[in-house]
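Asker: My structure file query24.cif, mmCIF, C-alpha atoms, is below:
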```cif
data_model
#
loop_
_atom_site.group_PDB
_atom_site.id
_atom_site.type_symbol
_atom_site.label_atom_id
_atom_site.label_comp_id
_atom_site.auth_asym_id
_atom_site.auth_seq_id
_atom_site.Cartn_x
_atom_site.Cartn_y
_atom_site.Cartn_z
ATOM 1 C CA MET A 1 0.275 -11.885 -36.001
ATOM 2 C CA LEU A 2 -0.058 -9.373 -33.169
ATOM 3 C CA LYS A 3 -2.536 -11.643 -31.363
ATOM 4 C CA ASP A 4 -0.042 -14.544 -31.582
ATOM 5 C CA LEU A 5 2.675 -12.303 -30.147
ATOM 6 C CA LEU A 6 0.361 -11.203 -27.326
ATOM 7 C CA LYS A 7 -0.458 -14.832 -26.502
ATOM 8 C CA ALA A 8 3.273 -15.623 -26.364
ATOM 9 C CA CYS A 9 3.936 -12.585 -24.171
ATOM 10 C CA ARG A 10 3.176 -14.129 -20.772
ATOM 11 C CA SER A 11 4.417 -13.400 -17.251
ATOM 12 C CA TYR A 12 7.136 -16.043 -17.082
ATOM 13 C CA ARG A 13 8.426 -17.098 -13.684
ATOM 14 C CA GLY A 14 10.881 -19.781 -14.804
ATOM 15 C CA TYR A 15 13.918 -19.315 -17.056
ATOM 16 C CA ASP A 16 16.853 -21.153 -18.595
ATOM 17 C CA GLU A 17 19.746 -19.695 -16.609
ATOM 18 C CA SER A 18 22.273 -20.759 -19.255
ATOM 19 C CA TYR A 19 20.935 -18.016 -21.552
ATOM 20 C CA ARG A 20 22.891 -14.807 -20.953
ATOM 21 C CA PHE A 21 21.950 -11.386 -22.281
ATOM 22 C CA THR A 22 24.338 -8.857 -23.714
ATOM 23 C CA GLU A 23 24.132 -5.129 -23.112
ATOM 24 C CA GLU A 24 23.332 -4.699 -26.808
ATOM 25 C CA GLU A 25 20.278 -6.984 -26.577
ATOM 26 C CA LEU A 26 18.868 -5.015 -23.661
ATOM 27 C CA MET A 27 19.612 -1.714 -25.416
ATOM 28 C CA GLU A 28 17.658 -2.977 -28.428
ATOM 29 C CA LEU A 29 14.657 -3.850 -26.232
ATOM 30 C CA VAL A 30 14.716 -0.385 -24.654
ATOM 31 C CA ASP A 31 15.115 1.244 -28.068
ATOM 32 C CA HIS A 32 11.594 0.039 -28.920
ATOM 33 C CA THR A 33 10.203 2.175 -26.077
ATOM 34 C CA ARG A 34 11.313 5.398 -27.740
ATOM 35 C CA TYR A 35 8.513 4.926 -30.282
ATOM 36 C CA ALA A 36 5.784 4.369 -27.678
ATOM 37 C CA ALA A 37 3.341 7.028 -26.548
ATOM 38 C CA SER A 38 4.231 9.256 -23.596
ATOM 39 C CA SER A 39 1.888 11.538 -21.625
ATOM 40 C CA MET A 40 2.207 15.043 -23.109
ATOM 41 C CA ASN A 41 5.348 13.683 -24.826
ATOM 42 C CA ILE A 42 7.374 14.546 -21.705
ATOM 43 C CA GLN A 43 9.279 11.205 -21.806
ATOM 44 C CA PRO A 44 10.480 11.198 -18.159
ATOM 45 C CA LEU A 45 11.390 7.511 -18.032
ATOM 46 C CA LYS A 46 14.943 6.163 -17.876
ATOM 47 C CA PHE A 47 16.051 2.525 -17.934
ATOM 48 C CA TYR A 48 18.647 0.793 -15.765
ATOM 49 C CA LEU A 49 20.045 -2.313 -17.467
ATOM 50 C CA ALA A 50 21.401 -5.303 -15.529
ATOM 51 C CA TRP A 51 22.755 -8.334 -17.388
ATOM 52 C CA GLU A 52 25.982 -9.321 -15.629
ATOM 53 C CA LYS A 53 25.371 -12.320 -13.362
ATOM 54 C CA GLU A 54 26.717 -10.765 -10.187
ATOM 55 C CA GLU A 55 24.418 -7.752 -10.469
ATOM 56 C CA VAL A 56 21.399 -9.817 -11.534
ATOM 57 C CA ASP A 57 21.971 -12.038 -8.481
ATOM 58 C CA ARG A 58 21.940 -8.933 -6.246
ATOM 59 C CA ILE A 59 18.640 -7.693 -7.689
ATOM 60 C CA GLN A 60 16.740 -11.003 -7.652
ATOM 61 C CA PRO A 61 16.295 -11.194 -3.817
ATOM 62 C CA LEU A 62 14.785 -7.689 -3.858
ATOM 63 C CA THR A 63 11.861 -8.848 -6.022
ATOM 64 C CA GLY A 64 8.607 -10.552 -5.026
ATOM 65 C CA TRP A 65 6.995 -13.049 -7.403
ATOM 66 C CA ALA A 66 3.556 -14.678 -7.867
ATOM 67 C CA LYS A 67 1.780 -13.105 -4.918
ATOM 68 C CA GLN A 68 -1.380 -15.073 -5.760
ATOM 69 C CA MET A 69 0.494 -18.292 -4.927
ATOM 70 C CA PRO A 70 2.164 -17.551 -1.566
ATOM 71 C CA GLU A 71 2.655 -21.260 -0.877
ATOM 72 C CA MET A 72 5.053 -21.576 -3.826
ATOM 73 C CA GLU A 73 8.541 -20.091 -4.141
ATOM 74 C CA LEU A 74 8.976 -18.727 -7.634
ATOM 75 C CA PRO A 75 11.138 -18.681 -9.588
ATOM 76 C CA HIS A 76 12.249 -22.178 -8.639
ATOM 77 C CA LYS A 77 15.909 -22.541 -7.687
ATOM 78 C CA GLY A 78 18.058 -22.557 -10.826
ATOM 79 C CA MET A 79 15.309 -20.925 -12.934
ATOM 80 C CA CYS A 80 15.821 -17.223 -12.221
ATOM 81 C CA PRO A 81 15.820 -14.445 -14.823
ATOM 82 C CA THR A 82 19.160 -13.570 -16.355
ATOM 83 C CA ALA A 83 18.556 -9.849 -16.850
ATOM 84 C CA PHE A 84 16.539 -6.987 -15.433
ATOM 85 C CA ILE A 85 15.424 -3.659 -16.807
ATOM 86 C CA ILE A 86 14.445 -1.249 -14.045
ATOM 87 C CA ILE A 87 12.090 1.423 -15.336
ATOM 88 C CA CYS A 88 12.760 4.665 -13.474
ATOM 89 C CA GLN A 89 11.178 8.083 -13.557
ATOM 90 C CA ASP A 90 13.613 10.947 -13.796
ATOM 91 C CA LEU A 91 12.268 13.394 -11.217
ATOM 92 C CA SER A 92 14.395 16.170 -12.684
ATOM 93 C CA VAL A 93 12.325 15.892 -15.876
ATOM 94 C CA ASP A 94 8.973 15.654 -14.058
ATOM 95 C CA ASP A 95 8.339 14.710 -10.438
ATOM 96 C CA ARG A 96 4.623 13.841 -10.765
ATOM 97 C CA LEU A 97 4.786 10.067 -10.267
ATOM 98 C CA ALA A 98 1.069 9.277 -10.618
ATOM 99 C CA ARG A 99 0.819 11.103 -13.941
ATOM 100 C CA PHE A 100 3.214 8.708 -15.673
ATOM 101 C CA HIS A 101 1.990 5.332 -14.383
ATOM 102 C CA ARG A 102 0.384 4.689 -17.763
ATOM 103 C CA ASP A 103 3.686 5.451 -19.479
ATOM 104 C CA VAL A 104 5.403 2.864 -17.288
ATOM 105 C CA GLY A 105 2.855 0.233 -18.315
ATOM 106 C CA ILE A 106 3.162 1.123 -21.984
ATOM 107 C CA VAL A 107 6.961 0.846 -22.055
ATOM 108 C CA ALA A 108 6.989 -2.350 -19.966
ATOM 109 C CA GLN A 109 4.568 -4.043 -22.365
ATOM 110 C CA THR A 110 6.600 -2.752 -25.313
ATOM 111 C CA ILE A 111 9.779 -4.309 -23.865
ATOM 112 C CA LEU A 112 8.032 -7.640 -23.259
ATOM 113 C CA LEU A 113 6.495 -7.749 -26.731
ATOM 114 C CA ALA A 114 9.910 -7.041 -28.266
ATOM 115 C CA ALA A 115 11.364 -9.860 -26.135
ATOM 116 C CA ALA A 116 8.567 -12.254 -27.156
ATOM 117 C CA GLU A 117 9.269 -11.497 -30.813
ATOM 118 C CA LYS A 118 12.801 -12.851 -30.208
ATOM 119 C CA GLY A 119 11.568 -16.007 -28.436
ATOM 120 C CA LEU A 120 12.434 -14.543 -25.030
ATOM 121 C CA GLY A 121 10.164 -13.611 -22.162
ATOM 122 C CA GLY A 122 9.828 -11.732 -18.955
ATOM 123 C CA CYS A 123 7.672 -10.612 -16.092
ATOM 124 C CA MET A 124 6.641 -7.198 -14.785
ATOM 125 C CA ILE A 125 7.423 -7.026 -11.079
ATOM 126 C CA GLY A 126 5.718 -4.425 -8.955
ATOM 127 C CA SER A 127 6.526 -6.145 -5.670
ATOM 128 C CA TYR A 128 9.791 -4.565 -4.495
ATOM 129 C CA GLY A 129 10.975 -1.810 -2.194
ATOM 130 C CA ALA A 130 12.063 1.349 -4.005
ATOM 131 C CA LYS A 131 14.606 2.249 -1.301
ATOM 132 C CA PRO A 132 16.466 -1.117 -1.320
ATOM 133 C CA VAL A 133 16.528 -1.081 -5.140
ATOM 134 C CA LYS A 134 17.903 2.490 -5.207
ATOM 135 C CA GLU A 135 20.586 1.525 -2.686
ATOM 136 C CA CYS A 136 21.510 -1.722 -4.463
ATOM 137 C CA LEU A 137 21.906 0.026 -7.816
ATOM 138 C CA HIS A 138 23.389 3.260 -6.401
ATOM 139 C CA LEU A 139 20.734 5.259 -8.253
ATOM 140 C CA PRO A 140 20.978 9.041 -7.954
ATOM 141 C CA LYS A 141 18.302 10.939 -6.038
ATOM 142 C CA ASN A 142 16.482 11.981 -9.216
ATOM 143 C CA LEU A 143 15.825 8.398 -10.430
ATOM 144 C CA MET A 144 12.819 6.664 -8.844
ATOM 145 C CA PRO A 145 12.326 2.949 -9.612
ATOM 146 C CA MET A 146 8.777 2.552 -10.940
ATOM 147 C CA LEU A 147 8.720 -1.061 -12.189
ATOM 148 C CA ILE A 148 11.134 -3.951 -12.588
ATOM 149 C CA VAL A 149 11.042 -6.065 -15.735
ATOM 150 C CA ALA A 150 12.670 -9.480 -15.353
ATOM 151 C CA LEU A 151 13.915 -11.073 -18.579
ATOM 152 C CA GLY A 152 15.194 -14.428 -19.738
ATOM 153 C CA LYS A 153 14.663 -17.439 -21.970
ATOM 154 C CA PRO A 154 11.407 -19.047 -20.777
ATOM 155 C CA ALA A 155 11.728 -22.564 -19.366
ATOM 156 C CA GLU A 156 8.157 -23.239 -18.319
ATOM 157 C CA LYS A 157 4.801 -23.936 -19.914
ATOM 158 C CA ILE A 158 1.976 -21.417 -19.624
ATOM 159 C CA VAL A 159 -1.574 -22.252 -20.739
ATOM 160 C CA LEU A 160 -4.300 -19.678 -21.293
ATOM 161 C CA THR A 161 -7.831 -20.773 -20.405
ATOM 162 C CA GLU A 162 -11.177 -19.023 -20.856
ATOM 163 C CA ILE A 163 -13.500 -18.516 -17.917
ATOM 164 C CA GLU A 164 -17.167 -17.694 -17.615
ATOM 165 C CA ASP A 165 -18.197 -14.416 -16.032
ATOM 166 C CA GLY A 166 -17.934 -14.772 -12.260
ATOM 167 C CA GLU A 167 -15.473 -17.700 -12.316
ATOM 168 C CA ASP A 168 -12.152 -17.486 -10.442
ATOM 169 C CA PHE A 169 -9.540 -15.488 -12.358
ATOM 170 C CA LYS A 170 -6.540 -16.408 -10.192
ATOM 171 C CA TYR A 171 -3.642 -18.093 -11.959
ATOM 172 C CA TYR A 172 -2.530 -21.487 -10.665
ATOM 173 C CA ARG A 173 -0.208 -24.430 -11.313
ATOM 174 C CA ASP A 174 -0.979 -28.108 -11.678
ATOM 175 C CA GLU A 175 0.978 -31.082 -10.310
ATOM 176 C CA ASN A 176 3.302 -30.919 -13.359
ATOM 177 C CA ASP A 177 4.152 -27.265 -12.633
ATOM 178 C CA VAL A 178 2.217 -26.085 -15.713
ATOM 179 C CA HIS A 179 1.079 -22.505 -15.142
ATOM 180 C CA TYR A 180 -2.568 -21.733 -16.039
ATOM 181 C CA VAL A 181 -3.822 -18.210 -16.673
ATOM 182 C CA PRO A 182 -7.629 -17.796 -16.769
ATOM 183 C CA LYS A 183 -8.812 -15.080 -19.162
ATOM 184 C CA ARG A 184 -12.219 -13.443 -19.271
ATOM 185 C CA GLN A 185 -14.104 -13.948 -22.545
ATOM 186 C CA LEU A 186 -14.596 -11.163 -25.070
ATOM 187 C CA LYS A 187 -18.367 -11.159 -24.539
ATOM 188 C CA ASP A 188 -17.826 -10.452 -20.839
ATOM 189 C CA ILE A 189 -15.494 -7.468 -21.190
ATOM 190 C CA VAL A 190 -17.233 -5.467 -23.922
ATOM 191 C CA VAL A 191 -19.797 -2.975 -22.652
ATOM 192 C CA THR A 192 -22.635 -2.197 -25.031
ATOM 193 C CA GLU A 193 -25.732 -0.040 -24.709
ATOM 194 C CA GLU A 194 -27.829 -3.193 -24.822
ATOM 195 C CA LYS A 195 -25.976 -4.680 -21.817
ATOM 196 C CA LEU A 196 -26.506 -1.471 -19.840
ATOM 197 C CA ARG A 197 -30.309 -1.672 -20.178
#
```
Rewrite the structure of this file - the entire thing - as structure tokens.
Answerer:
Amino acid sequence: MLKDLLKACRSYRGYDESYRFTEEELMELVDHTRYAASSMNIQPLKFYLAWEKEEVDRIQPLTGWAKQMPEMELPHKGMCPTAFIIICQDLSVDDRLARFHRDVGIVAQTILLAAAEKGLGGCMIGSYGAKPVKECLHLPKNLMPMLIVALGKPAEKIVLTEIEDGEDFKYYRDENDVHYVPKRQLKDIVVTEEKLR
């Protein structure tokens, strides 16, 4: 069951814009993060929720998508996410940014798995400028944007493929706009004593 959820939890870059989130739905997704691990249990992360169209439309141009496919503009027009959760570190709790990078990844994946369980999807976006995001959202000095999670109802097809060791791992799209994500095989990612000889 978990493996099926993980397979459904893709980085979606195309959404049904008619699906609108409520504040309660986003609060429920963030609530899942409270049960995730945190380095030394310090829990310095805070979450900015954006679901109203006007605000979502202000955030979207601040994000960069699909950097491995610079020739393609994604999301396509009319297929943008309809909500964002901006994961921030509260510097007044702890100002050591590097220490909590793993926490950011853990909570982002937790949010996306919770979304996938509901038939929704999203994408972690690390391509953005912290200063423009802080200014756009009027974040106080103590909140540092660490990662943006785009959310919506997926409106694209993503296919996982297996590759041999040494084959190209870059994702790509075919002429029908189907998104392919090559994945390394289990035998190629497990290190054993025998392989080290």
Asker: Taking 4 positions as the minimum chain separation for residues in the same chain, which residues sit within 9 Å of stretch 161-178 of chain A when counting all atoms listed in the file? Answer as an MDAnalysis selection string.
Answerer: chainID A and resid 66 68:69 156:157 182:185 188
Asker: Please report as a tab-separated table every residue of stretch 40-68 of chain A lying within 12 Å of stretch 9-15 of chain A, along with the nearest atom pair and their distance in Å (one decimal), using only C-alpha atoms.
Answerer:
```
residue	atom	partner	partner_atom	distance
A:Gln60	CA	A:Arg13	CA	11.9
A:Thr63	CA	A:Arg13	CA	11.8
A:Gly64	CA	A:Arg13	CA	10.9
A:Trp65	CA	A:Arg13	CA	7.6
A:Ala66	CA	A:Arg13	CA	8.0
A:Lys67	CA	A:Arg13	CA	11.7
```
Asker: Which residues, written as a PDB file with C-alpha atoms, in the coordinates of the input, have at least one atom at most 12 Å from A:Asp57, with only C-alpha atoms counted and residues fewer than 2 positions away on the same chain left out?
Answerer:
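Just written: part-v4.pdb:
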```pdb
ATOM      1  CA  GLU A  17      19.746 -19.695 -16.609  1.00  0.00           C
ATOM      2  CA  ALA A  50      21.401  -5.303 -15.529  1.00  0.00           C
ATOM      3  CA  TRP A  51      22.755  -8.334 -17.388  1.00  0.00           C
ATOM      4  CA  GLU A  52      25.982  -9.321 -15.629  1.00  0.00           C
ATOM      5  CA  LYS A  53      25.371 -12.320 -13.362  1.00  0.00           C
ATOM      6  CA  GLU A  54      26.717 -10.765 -10.187  1.00  0.00           C
ATOM      7  CA  GLU A  55      24.418  -7.752 -10.469  1.00  0.00           C
ATOM      8  CA  ILE A  59      18.640  -7.693  -7.689  1.00  0.00           C
ATOM      9  CA  GLN A  60      16.740 -11.003  -7.652  1.00  0.00           C
ATOM     10  CA  PRO A  61      16.295 -11.194  -3.817  1.00  0.00           C
ATOM     11  CA  LEU A  62      14.785  -7.689  -3.858  1.00  0.00           C
ATOM     12  CA  THR A  63      11.861  -8.848  -6.022  1.00  0.00           C
ATOM     13  CA  GLY A  78      18.058 -22.557 -10.826  1.00  0.00           C
ATOM     14  CA  MET A  79      15.309 -20.925 -12.934  1.00  0.00           C
ATOM     15  CA  CYS A  80      15.821 -17.223 -12.221  1.00  0.00           C
ATOM     16  CA  PRO A  81      15.820 -14.445 -14.823  1.00  0.00           C
ATOM     17  CA  THR A  82      19.160 -13.570 -16.355  1.00  0.00           C
ATOM     18  CA  ALA A  83      18.556  -9.849 -16.850  1.00  0.00           C
ATOM     19  CA  PHE A  84      16.539  -6.987 -15.433  1.00  0.00           C
ATOM     20  CA  CYS A 136      21.510  -1.722  -4.463  1.00  0.00           C
ATOM     21  CA  ALA A 150      12.670  -9.480 -15.353  1.00  0.00           C
TER      22      ALA A 150
END
```
Asker: Please provide as a PDB file with C-alpha atoms, keeping the file's coordinate frame all residues within 7 Å of stretch 88-95 of chain A, with the sequence filter that same-chain residues fewer than 6 positions apart are discarded (counting only C-alpha atoms).
Answerer:
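Printed below is out_7.pdb as written:
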```pdb
ATOM      1  CA  PRO A  44      10.480  11.198 -18.159  1.00  0.00           C
ATOM      2  CA  LEU A  45      11.390   7.511 -18.032  1.00  0.00           C
ATOM      3  CA  LYS A  46      14.943   6.163 -17.876  1.00  0.00           C
ATOM      4  CA  PHE A  47      16.051   2.525 -17.934  1.00  0.00           C
ATOM      5  CA  ASN A 142      16.482  11.981  -9.216  1.00  0.00           C
ATOM      6  CA  LEU A 143      15.825   8.398 -10.430  1.00  0.00           C
ATOM      7  CA  MET A 144      12.819   6.664  -8.844  1.00  0.00           C
ATOM      8  CA  PRO A 145      12.326   2.949  -9.612  1.00  0.00           C
ATOM      9  CA  MET A 146       8.777   2.552 -10.940  1.00  0.00           C
TER      10      MET A 146
END
```
Asker: Which residues are near A:Leu112? Cut-off 8 Å, only C-alpha atoms, ignore same chain within fewer than 4 positions. Put them as a list in words.
Answerer: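 With the cut-off at 8 Å, the set is Cys9, Ala108, Ala116, Gly121, Gly122 and Cys123 of chain A.
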Asker: Could you turn the residues from that selection into a file that holds C-alpha atoms, as a tab-separated table (two decimals), keeping the file's coordinate frame?
Answerer:
```tsv
chain	number	residue	atom	x	y	z
A	9	CYS	CA	3.94	-12.58	-24.17
A	108	ALA	CA	6.99	-2.35	-19.97
A	116	ALA	CA	8.57	-12.25	-27.16
A	121	GLY	CA	10.16	-13.61	-22.16
A	122	GLY	CA	9.83	-11.73	-18.95
A	123	CYS	CA	7.67	-10.61	-16.09
```
Asker: So how many Å separate atom CA of A:Leu151 and atom CA of A:Leu120, to one decimal?
Answerer: 7.5 Å
Asker: Just so the selection is clear, what residues does the PyMOL selection byres ((chain A and resi 37) around 12) cover here, as a list of chain:residue names?
Answerer: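 So the PyMOL selection byres ((chain A and resi 37) around 12), applied here, picks out A:His32, A:Thr33, A:Arg34, A:Tyr35, A:Ala36, A:Ser38, A:Ser39, A:Met40, A:Asn41, A:Ile42, A:Gln43, A:Pro44, A:Leu45, A:Phe100, A:Arg102, A:Asp103, A:Val104, A:Gly105, A:Ile106, A:Val107, A:Gln109, A:Thr110.
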Asker: Kindly save the residues from that selection, with C-alpha atoms included, as a tab-separated table (two decimals), in the frame of the given file.
Answerer:
```tsv
chain	number	residue	atom	x	y	z
A	32	HIS	CA	11.59	0.04	-28.92
A	33	THR	CA	10.20	2.17	-26.08
A	34	ARG	CA	11.31	5.40	-27.74
A	35	TYR	CA	8.51	4.93	-30.28
A	36	ALA	CA	5.78	4.37	-27.68
A	38	SER	CA	4.23	9.26	-23.60
A	39	SER	CA	1.89	11.54	-21.62
A	40	MET	CA	2.21	15.04	-23.11
A	41	ASN	CA	5.35	13.68	-24.83
A	42	ILE	CA	7.37	14.55	-21.70
A	43	GLN	CA	9.28	11.20	-21.81
A	44	PRO	CA	10.48	11.20	-18.16
A	45	LEU	CA	11.39	7.51	-18.03
A	100	PHE	CA	3.21	8.71	-15.67
A	102	ARG	CA	0.38	4.69	-17.76
A	103	ASP	CA	3.69	5.45	-19.48
A	104	VAL	CA	5.40	2.86	-17.29
A	105	GLY	CA	2.86	0.23	-18.32
A	106	ILE	CA	3.16	1.12	-21.98
A	107	VAL	CA	6.96	0.85	-22.06
A	109	GLN	CA	4.57	-4.04	-22.36
A	110	THR	CA	6.60	-2.75	-25.31
```
Asker: Would you work out the distance separating atom CA of A:His179 from atom CA of A:His76, expressed in Å to one decimal?
Answerer: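 Separation between atom CA of A:His179 and atom CA of A:His76: 12.9 Å.
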Asker: Evaluate the PyMOL selection byres ((chain A and resi 7) around 10) here and jot the selected residues down as a PyMOL selection string.
Answerer: chain A and resi 1-6+8-10+113+116+158-160
Asker: For the residues selected in the previous step, produce a file with C-alpha atoms as an mmCIF file, in the frame of the given file.
Answerer:
```cif
data_model
loop_
_atom_site.group_PDB
_atom_site.id
_atom_site.type_symbol
_atom_site.label_atom_id
_atom_site.label_comp_id
_atom_site.auth_asym_id
_atom_site.auth_seq_id
_atom_site.Cartn_x
_atom_site.Cartn_y
_atom_site.Cartn_z
ATOM 1 C CA MET A 1 0.275 -11.885 -36.001
ATOM 2 C CA LEU A 2 -0.058 -9.373 -33.169
ATOM 3 C CA LYS A 3 -2.536 -11.643 -31.363
ATOM 4 C CA ASP A 4 -0.042 -14.544 -31.582
ATOM 5 C CA LEU A 5 2.675 -12.303 -30.147
ATOM 6 C CA LEU A 6 0.361 -11.203 -27.326
ATOM 7 C CA ALA A 8 3.273 -15.623 -26.364
ATOM 8 C CA CYS A 9 3.936 -12.585 -24.171
ATOM 9 C CA ARG A 10 3.176 -14.129 -20.772
ATOM 10 C CA LEU A 113 6.495 -7.749 -26.731
ATOM 11 C CA ALA A 116 8.567 -12.254 -27.156
ATOM 12 C CA ILE A 158 1.976 -21.417 -19.624
ATOM 13 C CA VAL A 159 -1.574 -22.252 -20.739
ATOM 14 C CA LEU A 160 -4.300 -19.678 -21.293
#
```
Asker: In Å, rounded to a single decimal, give me how far atom CA of A:Ile148 is from atom CA of A:Ser127.
Answerer: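 Taking atom CA of A:Ser127 and atom CA of A:Ile148, their separation equals 8.6 Å.
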Asker: To test your reading of the syntax: which residues would the PyMOL selection byres ((chain A and resi 29) around 9) return for the file shown? Reply as a compact mmCIF listing (two decimals) with C-alpha atoms, in the coordinates of the input.
Answerer:
```txt
# COMPACT_ATOMS: atom_id res chain seq x y z
CA GLU A 24 23.33 -4.70 -26.81
CA GLU A 25 20.28 -6.98 -26.58
CA LEU A 26 18.87 -5.01 -23.66
CA MET A 27 19.61 -1.71 -25.42
CA GLU A 28 17.66 -2.98 -28.43
CA VAL A 30 14.72 -0.38 -24.65
CA ASP A 31 15.12 1.24 -28.07
CA HIS A 32 11.59 0.04 -28.92
CA THR A 33 10.20 2.17 -26.08
CA THR A 110 6.60 -2.75 -25.31
CA ILE A 111 9.78 -4.31 -23.86
CA LEU A 112 8.03 -7.64 -23.26
CA ALA A 114 9.91 -7.04 -28.27
CA ALA A 115 11.36 -9.86 -26.14
```
